[in-house]
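Participant: Below is the file model-v4.txt, which contains compact mmCIF, C-alpha atoms.
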```
# COMPACT_ATOMS: atom_id res chain seq x y z
CA MET M 1175 -23.31 0.70 25.84
CA ASN M 1176 -23.08 4.49 26.14
CA TYR M 1177 -20.88 6.14 28.75
CA ILE M 1178 -20.45 9.66 30.07
CA LEU M 1179 -16.88 9.96 31.28
CA TYR M 1180 -16.23 13.05 33.39
CA ASN M 1181 -13.73 14.61 35.72
CA PRO M 1182 -15.42 16.13 38.81
CA LEU M 1183 -12.55 18.63 39.09
CA SER M 1184 -12.92 19.86 35.51
CA SER M 1185 -14.10 23.43 35.01
CA THR M 1186 -13.07 24.20 38.62
CA GLY M 1187 -15.45 21.65 40.08
CA LYS M 1188 -18.48 22.19 37.84
CA GLY M 1189 -18.35 18.76 36.22
CA GLU M 1190 -21.67 17.69 37.76
CA GLU M 1191 -23.43 20.71 36.26
CA SER M 1192 -22.14 19.62 32.86
CA ILE M 1193 -23.59 16.15 33.45
CA LYS M 1194 -27.06 17.60 34.02
CA LYS M 1195 -26.81 19.66 30.84
CA ILE M 1196 -25.60 16.77 28.72
CA LYS M 1197 -28.45 14.56 29.92
CA LYS M 1198 -30.90 17.15 28.64
CA ILE M 1199 -29.13 17.25 25.30
CA MET M 1200 -29.15 13.46 25.02
CA LYS M 1201 -32.89 13.31 25.63
CA LYS M 1202 -33.32 15.23 22.40
CA LYS M 1203 -31.18 12.77 20.47
CA ASP M 1204 -32.33 9.53 18.86
CA ASP M 1205 -32.02 6.01 20.26
CA GLU M 1206 -28.26 6.11 19.74
CA PHE M 1207 -28.02 7.63 23.22
CA GLU M 1208 -31.07 5.98 24.78
CA SER M 1209 -29.14 4.67 27.81
CA LEU M 1210 -26.31 6.50 29.56
CA ASN M 1211 -23.86 5.28 32.20
CA ILE M 1212 -22.05 7.89 34.28
CA ILE M 1213 -18.38 7.16 35.02
CA GLU M 1214 -16.42 9.46 37.33
CA VAL M 1215 -12.75 9.50 36.43
CA SER M 1216 -9.99 11.84 37.59
CA LYS M 1217 -6.50 10.55 36.77
CA ASP M 1218 -6.96 6.79 36.37
CA ILE M 1219 -8.87 6.52 33.11
CA GLU M 1220 -7.03 3.33 32.11
CA SER M 1221 -9.05 1.16 34.51
CA PHE M 1222 -12.20 2.16 32.62
CA THR M 1223 -10.94 2.08 29.04
CA SER M 1224 -9.36 -1.37 29.45
CA LYS M 1225 -12.85 -2.87 29.85
CA LEU M 1226 -14.42 -1.27 26.77
CA ASN M 1227 -16.15 -3.26 24.06
CA GLU M 1228 -15.83 -2.13 20.47
CA GLU M 1229 -19.48 -1.11 20.20
CA ASP M 1230 -19.31 1.17 23.27
CA GLN M 1231 -19.67 4.92 22.76
CA ILE M 1232 -18.07 7.46 25.09
CA ILE M 1233 -18.83 11.09 25.83
CA VAL M 1234 -15.88 12.77 27.55
CA VAL M 1235 -16.95 15.74 29.68
CA GLY M 1236 -14.16 18.17 30.51
CA GLY M 1237 -11.43 20.38 29.14
CA ASP M 1238 -7.95 19.99 27.71
CA GLY M 1239 -6.50 18.22 30.75
CA THR M 1240 -9.23 15.58 30.86
CA LEU M 1241 -8.98 15.04 27.12
CA HIS M 1242 -5.17 14.78 27.32
CA HIS M 1243 -5.39 11.99 29.91
CA PHE M 1244 -8.12 10.25 27.95
CA ALA M 1245 -6.18 10.34 24.67
CA ASN M 1246 -3.18 8.78 26.36
CA SER M 1247 -5.27 6.10 28.07
CA ILE M 1248 -6.67 4.86 24.73
CA ARG M 1249 -3.37 5.25 22.88
CA TYR M 1250 -2.75 1.50 22.53
CA LEU M 1251 -6.35 0.31 22.30
CA THR M 1252 -7.28 -1.45 19.07
CA ASN M 1253 -11.01 -0.87 19.56
CA LYS M 1254 -12.50 1.82 17.35
CA ASN M 1255 -15.08 3.20 19.74
CA LYS M 1256 -17.12 6.21 18.73
CA LEU M 1257 -15.99 9.16 20.87
CA PHE M 1258 -17.52 12.53 21.72
CA LEU M 1259 -16.48 15.59 23.73
CA TYR M 1260 -18.81 17.78 25.75
CA LYS M 1261 -16.87 20.95 26.55
CA GLY M 1262 -16.78 21.26 30.32
CA GLY M 1263 -13.36 22.71 31.12
CA THR M 1264 -12.14 26.27 31.43
CA GLY M 1265 -9.42 26.73 28.81
CA ASN M 1266 -10.91 24.42 26.15
CA ASP M 1267 -8.26 25.18 23.53
CA PHE M 1268 -9.18 21.97 21.70
CA GLY M 1269 -12.89 22.81 21.69
CA ARG M 1270 -12.32 26.37 20.45
CA GLU M 1271 -11.64 25.08 16.96
CA PHE M 1272 -15.22 23.82 16.75
CA LYS M 1273 -16.77 27.24 17.41
CA LYS M 1274 -20.36 27.03 18.63
CA LYS M 1275 -20.58 23.26 18.99
CA LYS M 1276 -20.91 22.04 22.57
CA LEU M 1277 -21.02 18.33 21.74
CA ILE M 1278 -18.28 17.30 19.29
CA GLU M 1279 -17.50 13.96 17.74
CA ILE M 1280 -13.76 13.56 18.29
CA THR M 1281 -13.16 9.98 17.08
CA GLU M 1282 -10.81 11.04 14.28
CA TYR M 1283 -9.00 13.66 16.38
CA VAL M 1284 -7.78 11.57 19.34
CA ARG M 1285 -6.06 8.80 17.39
CA ASN M 1286 -2.70 8.90 15.59
CA LEU M 1287 -1.67 11.95 17.60
CA PRO M 1288 1.86 13.40 17.72
CA VAL M 1289 4.16 11.70 20.23
CA CYS M 1290 6.37 13.70 22.58
CA LYS M 1291 9.32 12.27 24.52
CA ILE M 1292 10.87 14.31 27.34
CA ASN M 1293 14.48 13.92 28.50
CA ASN M 1294 14.76 10.69 26.46
CA LYS M 1295 12.48 8.89 28.92
CA HIS M 1296 8.74 9.37 29.29
CA ASP M 1297 6.67 9.65 26.10
CA PHE M 1298 3.00 10.49 25.52
CA VAL M 1299 0.63 11.91 22.90
CA PHE M 1300 -0.80 15.42 22.89
CA LEU M 1301 -3.69 17.22 21.19
CA ASN M 1302 -2.87 20.93 21.18
CA CYS M 1303 0.77 21.79 21.83
CA SER M 1304 3.93 20.83 23.71
CA GLY M 1305 6.83 23.05 24.58
CA PHE M 1306 9.11 24.45 27.21
CA GLY M 1307 10.39 27.71 28.58
CA PHE M 1308 8.28 30.68 29.54
CA ASP M 1309 4.94 29.07 28.67
CA GLY M 1310 5.71 26.08 30.89
CA ALA M 1311 6.45 28.46 33.77
CA VAL M 1312 3.15 30.26 33.19
CA CYS M 1313 1.18 26.99 33.21
CA ALA M 1314 2.95 25.95 36.41
CA GLY M 1315 1.94 29.24 37.99
CA VAL M 1316 -1.66 28.84 36.87
CA ASN M 1317 -1.78 25.32 38.31
CA GLU M 1318 -0.56 26.63 41.64
CA ASN M 1319 -3.37 29.18 41.56
CA ASN M 1320 -5.99 26.55 42.48
CA GLY M 1321 -5.85 25.03 39.00
CA LYS M 1322 -7.57 28.01 37.36
CA LYS M 1323 -6.62 27.88 33.69
CA SER M 1324 -8.97 30.56 32.41
CA GLY M 1325 -7.74 33.14 29.95
CA PHE M 1326 -7.60 35.75 32.73
CA ALA M 1327 -5.49 33.55 35.01
CA TYR M 1328 -3.15 32.77 32.15
CA ILE M 1329 -2.70 36.44 31.18
CA LYS M 1330 -2.11 37.44 34.80
CA ASN M 1331 0.72 34.92 35.05
CA VAL M 1332 2.09 35.99 31.68
CA LEU M 1333 2.45 39.60 32.78
CA SER M 1334 3.98 38.69 36.15
CA LEU M 1335 6.60 36.32 34.67
CA LEU M 1336 7.30 37.91 31.32
CA LYS M 1337 10.00 40.40 32.24
CA ASN M 1338 12.11 38.14 34.47
CA SER M 1339 11.75 34.81 32.69
CA PRO M 1340 15.27 33.43 31.99
CA ARG M 1341 16.28 33.09 28.33
CA TYR M 1342 17.97 29.92 27.10
CA ASP M 1343 19.98 28.89 24.05
CA LEU M 1344 18.39 26.23 21.87
CA GLU M 1345 19.75 23.51 19.61
CA LEU M 1346 16.95 22.58 17.22
CA GLU M 1347 16.63 19.87 14.57
CA VAL M 1348 13.62 19.80 12.23
CA ASP M 1349 13.38 16.86 9.81
CA GLY M 1350 17.16 16.50 9.89
CA VAL M 1351 17.97 20.21 9.47
CA LYS M 1352 19.85 21.68 12.44
CA LYS M 1353 19.55 25.25 13.71
CA LYS M 1354 20.71 27.20 16.75
CA TYR M 1355 19.00 30.08 18.52
CA GLU M 1356 20.10 32.36 21.33
CA LYS M 1357 18.11 34.04 24.09
CA VAL M 1358 14.96 32.00 23.50
CA LEU M 1359 11.88 32.88 25.58
CA PHE M 1360 9.72 29.88 24.71
CA THR M 1361 9.28 27.14 22.12
CA GLU M 1362 5.97 25.46 21.20
CA ILE M 1363 5.25 22.58 18.83
CA CYS M 1364 1.63 22.80 17.74
CA ASN M 1365 -0.91 20.28 16.49
CA GLY M 1366 -3.86 22.65 17.03
CA LYS M 1367 -4.46 26.35 16.61
CA TYR M 1368 -4.89 27.48 20.23
CA PHE M 1369 -3.02 27.40 23.53
CA GLY M 1370 -3.10 29.24 26.85
CA GLY M 1371 -6.87 29.63 27.10
CA GLY M 1372 -7.60 31.20 23.72
CA MET M 1373 -4.34 32.43 22.21
CA LYS M 1374 -4.28 31.63 18.49
CA LEU M 1375 -0.61 30.76 18.36
CA SER M 1376 -0.76 28.48 15.30
CA PRO M 1377 -3.56 29.71 13.00
CA THR M 1378 -2.45 27.55 10.06
CA SER M 1379 -2.36 24.26 11.99
CA ASP M 1380 -4.64 21.51 10.68
CA ARG M 1381 -5.35 18.51 12.90
CA LYS M 1382 -6.13 16.35 9.89
CA ASP M 1383 -2.73 16.69 8.20
CA ASP M 1384 0.56 15.05 9.18
CA VAL M 1385 2.53 18.27 9.67
CA LEU M 1386 3.31 20.05 12.95
CA GLU M 1387 4.22 23.70 13.40
CA LEU M 1388 6.90 25.04 15.70
CA TYR M 1389 6.89 28.60 17.04
CA LEU M 1390 9.66 30.20 19.05
CA VAL M 1391 10.36 33.69 20.35
CA TYR M 1392 13.99 34.76 20.70
CA LYS M 1393 16.08 37.90 21.15
CA MET M 1394 12.90 39.94 21.56
CA LYS M 1395 12.99 42.80 24.05
CA PHE M 1396 10.34 43.17 26.73
CA ALA M 1397 8.73 46.27 25.20
CA LYS M 1398 8.31 44.57 21.84
CA ILE M 1399 6.86 41.45 23.46
CA LEU M 1400 4.19 43.61 25.10
CA CYS M 1401 3.37 45.09 21.69
CA VAL M 1402 3.07 41.67 20.04
CA PHE M 1403 1.16 39.97 22.85
CA PRO M 1404 -2.40 41.17 21.97
CA PHE M 1405 -1.97 40.05 18.36
CA ILE M 1406 -1.51 36.41 19.44
CA PHE M 1407 -5.23 36.25 20.28
CA LEU M 1408 -5.98 37.21 16.67
CA GLY M 1409 -3.37 34.89 15.16
CA LYS M 1410 -1.57 37.89 13.63
CA HIS M 1411 1.70 37.77 15.59
CA MET M 1412 3.72 36.69 12.53
CA TRP M 1413 3.35 40.26 11.29
CA PHE M 1414 6.23 40.90 13.70
CA LYS M 1415 8.50 38.02 12.74
CA ARG M 1416 11.38 40.40 12.04
CA TRP M 1417 11.42 41.19 15.78
CA GLY M 1418 12.27 37.58 16.66
CA ILE M 1419 9.43 35.13 15.98
CA GLU M 1420 10.21 31.95 14.07
CA ARG M 1421 7.72 29.53 12.50
CA LEU M 1422 8.84 26.13 11.18
CA GLN M 1423 6.96 23.11 9.84
CA GLY M 1424 7.92 19.45 10.00
CA LYS M 1425 7.20 15.91 11.15
CA HIS M 1426 10.13 15.30 13.48
CA PHE M 1427 11.56 17.77 15.99
CA HIS M 1428 14.42 17.50 18.46
CA LEU M 1429 15.03 20.34 20.92
CA LYS M 1430 17.86 20.74 23.41
CA ALA M 1431 17.90 23.72 25.79
CA SER M 1432 21.04 25.05 27.44
CA PHE M 1433 19.53 24.45 30.90
CA GLU M 1434 16.44 22.84 32.43
CA GLN M 1435 13.03 24.36 31.73
CA PRO M 1436 9.44 23.99 32.91
CA PHE M 1437 7.59 21.95 30.27
CA GLN M 1438 3.89 21.88 29.42
CA SER M 1439 1.75 19.71 27.17
CA ASP M 1440 -1.95 20.55 26.80
CA GLY M 1441 -1.53 22.53 30.02
CA GLU M 1442 -0.06 19.59 31.97
CA VAL M 1443 3.27 20.61 33.55
CA VAL M 1444 6.56 18.77 34.17
CA LEU M 1445 9.51 20.64 35.71
CA GLY M 1446 13.22 20.21 35.01
CA ILE M 1447 13.16 19.37 31.29
CA ASP M 1448 15.98 20.32 28.91
CA GLU M 1449 15.33 18.00 25.94
CA ILE M 1450 12.21 17.04 24.00
CA GLU M 1451 11.58 15.04 20.84
CA VAL M 1452 8.29 15.20 18.94
CA THR M 1453 7.23 12.96 16.06
CA ARG M 1454 4.09 13.16 13.94
```
Write out the structure in this file as structure tokens.

Facilitator:
Amino acid sequence: MNYILYNPLSSTGKGEESIKKIKKIMKKKDDEFESLNIIEVSKDIESFTSKLNEEDQIIVVGGDGTLHHFANSIRYLTNKNKLFLYKGGTGNDFGREFKKKKLIEITEYVRNLPVCKINNKHDFVFLNCSGFGFDGAVCAGVNENNGKKSGFAYIKNVLSLLKNSPRYDLELEVDGVKKKYEKVLFTEICNGKYFGGGMKLSPTSDRKDDVLELYLVYKMKFAKILCVFPFIFLGKHMWFKRWGIERLQGKHFHLKASFEQPFQSDGEVVLGIDEIEVTR
């Protein structure tokens, strides 16, 4: 059986338009997609995935948020269904790595994902990045702005929050090695290259390896941040590492902030977080 799984709220309510487009694409395919079943799912994907047979194929229509929920819903499934993504969201930081492709086979990319635990309680997997601080506050602001996560909405929130965002001290452990940082603006642990609707924060990340990359900005003055900001879109911000940008690699990360922060993972926000642990 072949299923189209879509979120009607994805891409600011244009999910149904994506369905029409994908049907046209499927008509040009071979018998592998001869029959299609449309499943509308918003937050409760588990009720659908729990009924899957191993031979079922799924096309997920949506952006990073939809894919994040889907990846977590199939986290404990033993079935090895063939999975596809049709890019239908706004930010699409996952899909950006596949350039011009609109329909992407994602079977190998949504299994064995890094696990993040927040405040020693809730844990989940993520596809792109997880972190807290300034970026979490920006994502929270974007979500309040009618859920618009486009690059423009993200940048607008960046500029409005950048100067007054509180800095925190950070206790960091990477693969058993402990470090401390002062006046940290934000910290991100990356599995993919992009975040924030097109910013190439982690250009050397490879989804197929077992290594994660951590980026943090600390002790950097506002004027210098404004200078560095455009270079993030090009993935060239490490040219300015002497100003206060750190890049670390590892498989296990433990972060403890000096006070509670807004947290985001693939654009999904949780407030009041001061400790996270990520394992690859």

Participant: Out of M:Lys1410, M:Arg1270, M:Lys1295, M:Lys1353, which residue has the shortest atom-to-atom distance to Phe1427 in chain M when counting all atoms listed in the file?

Facilitator: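 Counting all atoms listed in the file, the residue closest to Phe1427 in chain M is M:Lys1353.
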
Participant: Can you pull out every residue within 9 Å of Asp1349 in chain M, counting only C-alpha atoms, but drop anything in the same chain fewer than 4 positions away, and send it as a ChimeraX atom specification?

Facilitator: /M:1423-1428

Participant: May I ask which of the residues M:Ser1376, M:Asp1297, M:Ala1314, M:Gly1418 is the closest one to Leu1335 in chain M, counting only C-alpha atoms?

Facilitator: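 Answer, going by the shortest atom-to-atom distance: M:Ala1314.
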
Participant: For Thr1264 in chain M, which residue among M:Ile1178, M:Gly1372, M:Glu1347, M:Lys1225 is the nearest when counting all atoms listed in the file?

Facilitator: M:Gly1372

Participant: Which of these, M:Lys1261, M:Asn1227, M:Tyr1250, M:Trp1413, has the shortest distance to Leu1179 in chain M once you count all atoms listed in the file?

Facilitator: M:Lys1261

Participant: Please compute the CA of Ala1245 in chain M-CA of Val1284 in chain M distance, one decimal, in Å.

Facilitator: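 Going from CA of Ala1245 in chain M over to CA of Val1284 in chain M covers 5.7 Å.
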
Participant: Interatomic distance between CA of Val1358 in chain M and CA of Phe1308 in chain M?

Facilitator: 9.1 Å

Participant: Quick one: of M:Leu1344, M:Leu1333, M:Val1316, M:Val1351, who's nearest to Asp1448 in chain M, counting all atoms listed in the file?

Facilitator: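 Of all the options, M:Leu1344 lies closest to Asp1448 in chain M.
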
Participant: Excluding Leu1359 in chain M and any residue of its chain fewer than 3 positions from it, enumerate the residues within 12 Å of it, using only C-alpha atoms, and give them as a PyMOL selection string.

Facilitator: chain M and resi 1305-1312+1332+1335-1344+1355-1356+1362+1389-1396+1399+1418-1420+1431+1435-1436

Participant: Grab the residues selected above and save them as a PDB file, in the coordinates of the input with C-alpha atoms.

Facilitator:
```pdb
ATOM      1  CA  GLY M1305       6.830  23.050  24.580  1.00  0.00           C
ATOM      2  CA  PHE M1306       9.110  24.450  27.210  1.00  0.00           C
ATOM      3  CA  GLY M1307      10.390  27.710  28.580  1.00  0.00           C
ATOM      4  CA  PHE M1308       8.280  30.680  29.540  1.00  0.00           C
ATOM      5  CA  ASP M1309       4.940  29.070  28.670  1.00  0.00           C
ATOM      6  CA  GLY M1310       5.710  26.080  30.890  1.00  0.00           C
ATOM      7  CA  ALA M1311       6.450  28.460  33.770  1.00  0.00           C
ATOM      8  CA  VAL M1312       3.150  30.260  33.190  1.00  0.00           C
ATOM      9  CA  VAL M1332       2.090  35.990  31.680  1.00  0.00           C
ATOM     10  CA  LEU M1335       6.600  36.320  34.670  1.00  0.00           C
ATOM     11  CA  LEU M1336       7.300  37.910  31.320  1.00  0.00           C
ATOM     12  CA  LYS M1337      10.000  40.400  32.240  1.00  0.00           C
ATOM     13  CA  ASN M1338      12.110  38.140  34.470  1.00  0.00           C
ATOM     14  CA  SER M1339      11.750  34.810  32.690  1.00  0.00           C
ATOM     15  CA  PRO M1340      15.270  33.430  31.990  1.00  0.00           C
ATOM     16  CA  ARG M1341      16.280  33.090  28.330  1.00  0.00           C
ATOM     17  CA  TYR M1342      17.970  29.920  27.100  1.00  0.00           C
ATOM     18  CA  ASP M1343      19.980  28.890  24.050  1.00  0.00           C
ATOM     19  CA  LEU M1344      18.390  26.230  21.870  1.00  0.00           C
ATOM     20  CA  TYR M1355      19.000  30.080  18.520  1.00  0.00           C
ATOM     21  CA  GLU M1356      20.100  32.360  21.330  1.00  0.00           C
ATOM     22  CA  GLU M1362       5.970  25.460  21.200  1.00  0.00           C
ATOM     23  CA  TYR M1389       6.890  28.600  17.040  1.00  0.00           C
ATOM     24  CA  LEU M1390       9.660  30.200  19.050  1.00  0.00           C
ATOM     25  CA  VAL M1391      10.360  33.690  20.350  1.00  0.00           C
ATOM     26  CA  TYR M1392      13.990  34.760  20.700  1.00  0.00           C
ATOM     27  CA  LYS M1393      16.080  37.900  21.150  1.00  0.00           C
ATOM     28  CA  MET M1394      12.900  39.940  21.560  1.00  0.00           C
ATOM     29  CA  LYS M1395      12.990  42.800  24.050  1.00  0.00           C
ATOM     30  CA  PHE M1396      10.340  43.170  26.730  1.00  0.00           C
ATOM     31  CA  ILE M1399       6.860  41.450  23.460  1.00  0.00           C
ATOM     32  CA  GLY M1418      12.270  37.580  16.660  1.00  0.00           C
ATOM     33  CA  ILE M1419       9.430  35.130  15.980  1.00  0.00           C
ATOM     34  CA  GLU M1420      10.210  31.950  14.070  1.00  0.00           C
ATOM     35  CA  ALA M1431      17.900  23.720  25.790  1.00  0.00           C
ATOM     36  CA  GLN M1435      13.030  24.360  31.730  1.00  0.00           C
ATOM     37  CA  PRO M1436       9.440  23.990  32.910  1.00  0.00           C
TER      38      PRO M1436
END
```

Participant: Between CA of Thr1361 in chain M and CA of Ser1304 in chain M, what distance in Å does the model show, to one decimal?

Facilitator: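 Computed distance, CA of Thr1361 in chain M to CA of Ser1304 in chain M, equals 8.4 Å.
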
Participant: Tell me which of M:Val1443, M:Val1348, M:Val1289, M:Leu1422 sits closest to Ser1379 in chain M, counting only C-alpha atoms.

Facilitator: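 Residue with the minimum atom-to-atom distance to Ser1379 in chain M: M:Leu1422.
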
Participant: At a cut-off of 9 Å, using all atoms listed in the file, what residues contact Asp1440 in chain M? Leave out same-chain residues fewer than 4 positions from it and give the result as a PDB file with C-alpha atoms, in the coordinates of the input.

Facilitator:
```pdb
ATOM      1  CA  ASP M1238      -7.950  19.990  27.710  1.00  0.00           C
ATOM      2  CA  GLY M1239      -6.500  18.220  30.750  1.00  0.00           C
ATOM      3  CA  LEU M1241      -8.980  15.040  27.120  1.00  0.00           C
ATOM      4  CA  HIS M1242      -5.170  14.780  27.320  1.00  0.00           C
ATOM      5  CA  ASP M1267      -8.260  25.180  23.530  1.00  0.00           C
ATOM      6  CA  PHE M1268      -9.180  21.970  21.700  1.00  0.00           C
ATOM      7  CA  PHE M1300      -0.800  15.420  22.890  1.00  0.00           C
ATOM      8  CA  LEU M1301      -3.690  17.220  21.190  1.00  0.00           C
ATOM      9  CA  ASN M1302      -2.870  20.930  21.180  1.00  0.00           C
ATOM     10  CA  CYS M1303       0.770  21.790  21.830  1.00  0.00           C
ATOM     11  CA  SER M1304       3.930  20.830  23.710  1.00  0.00           C
ATOM     12  CA  PHE M1369      -3.020  27.400  23.530  1.00  0.00           C
ATOM     13  CA  GLY M1370      -3.100  29.240  26.850  1.00  0.00           C
TER      14      GLY M1370
END
```

Participant: Enclose all atoms of range 1334-1347 of chain M listed in the file in an axis-aligned box, grow every side by 4 Å, and hand back centre and edge lengths in Å to one decimal, as lines of an AutoDock Vina configuration file.

Facilitator:
```
center_x = 12.0
center_y = 30.1
center_z = 25.4
size_x = 24.0
size_y = 28.5
size_z = 29.6
```
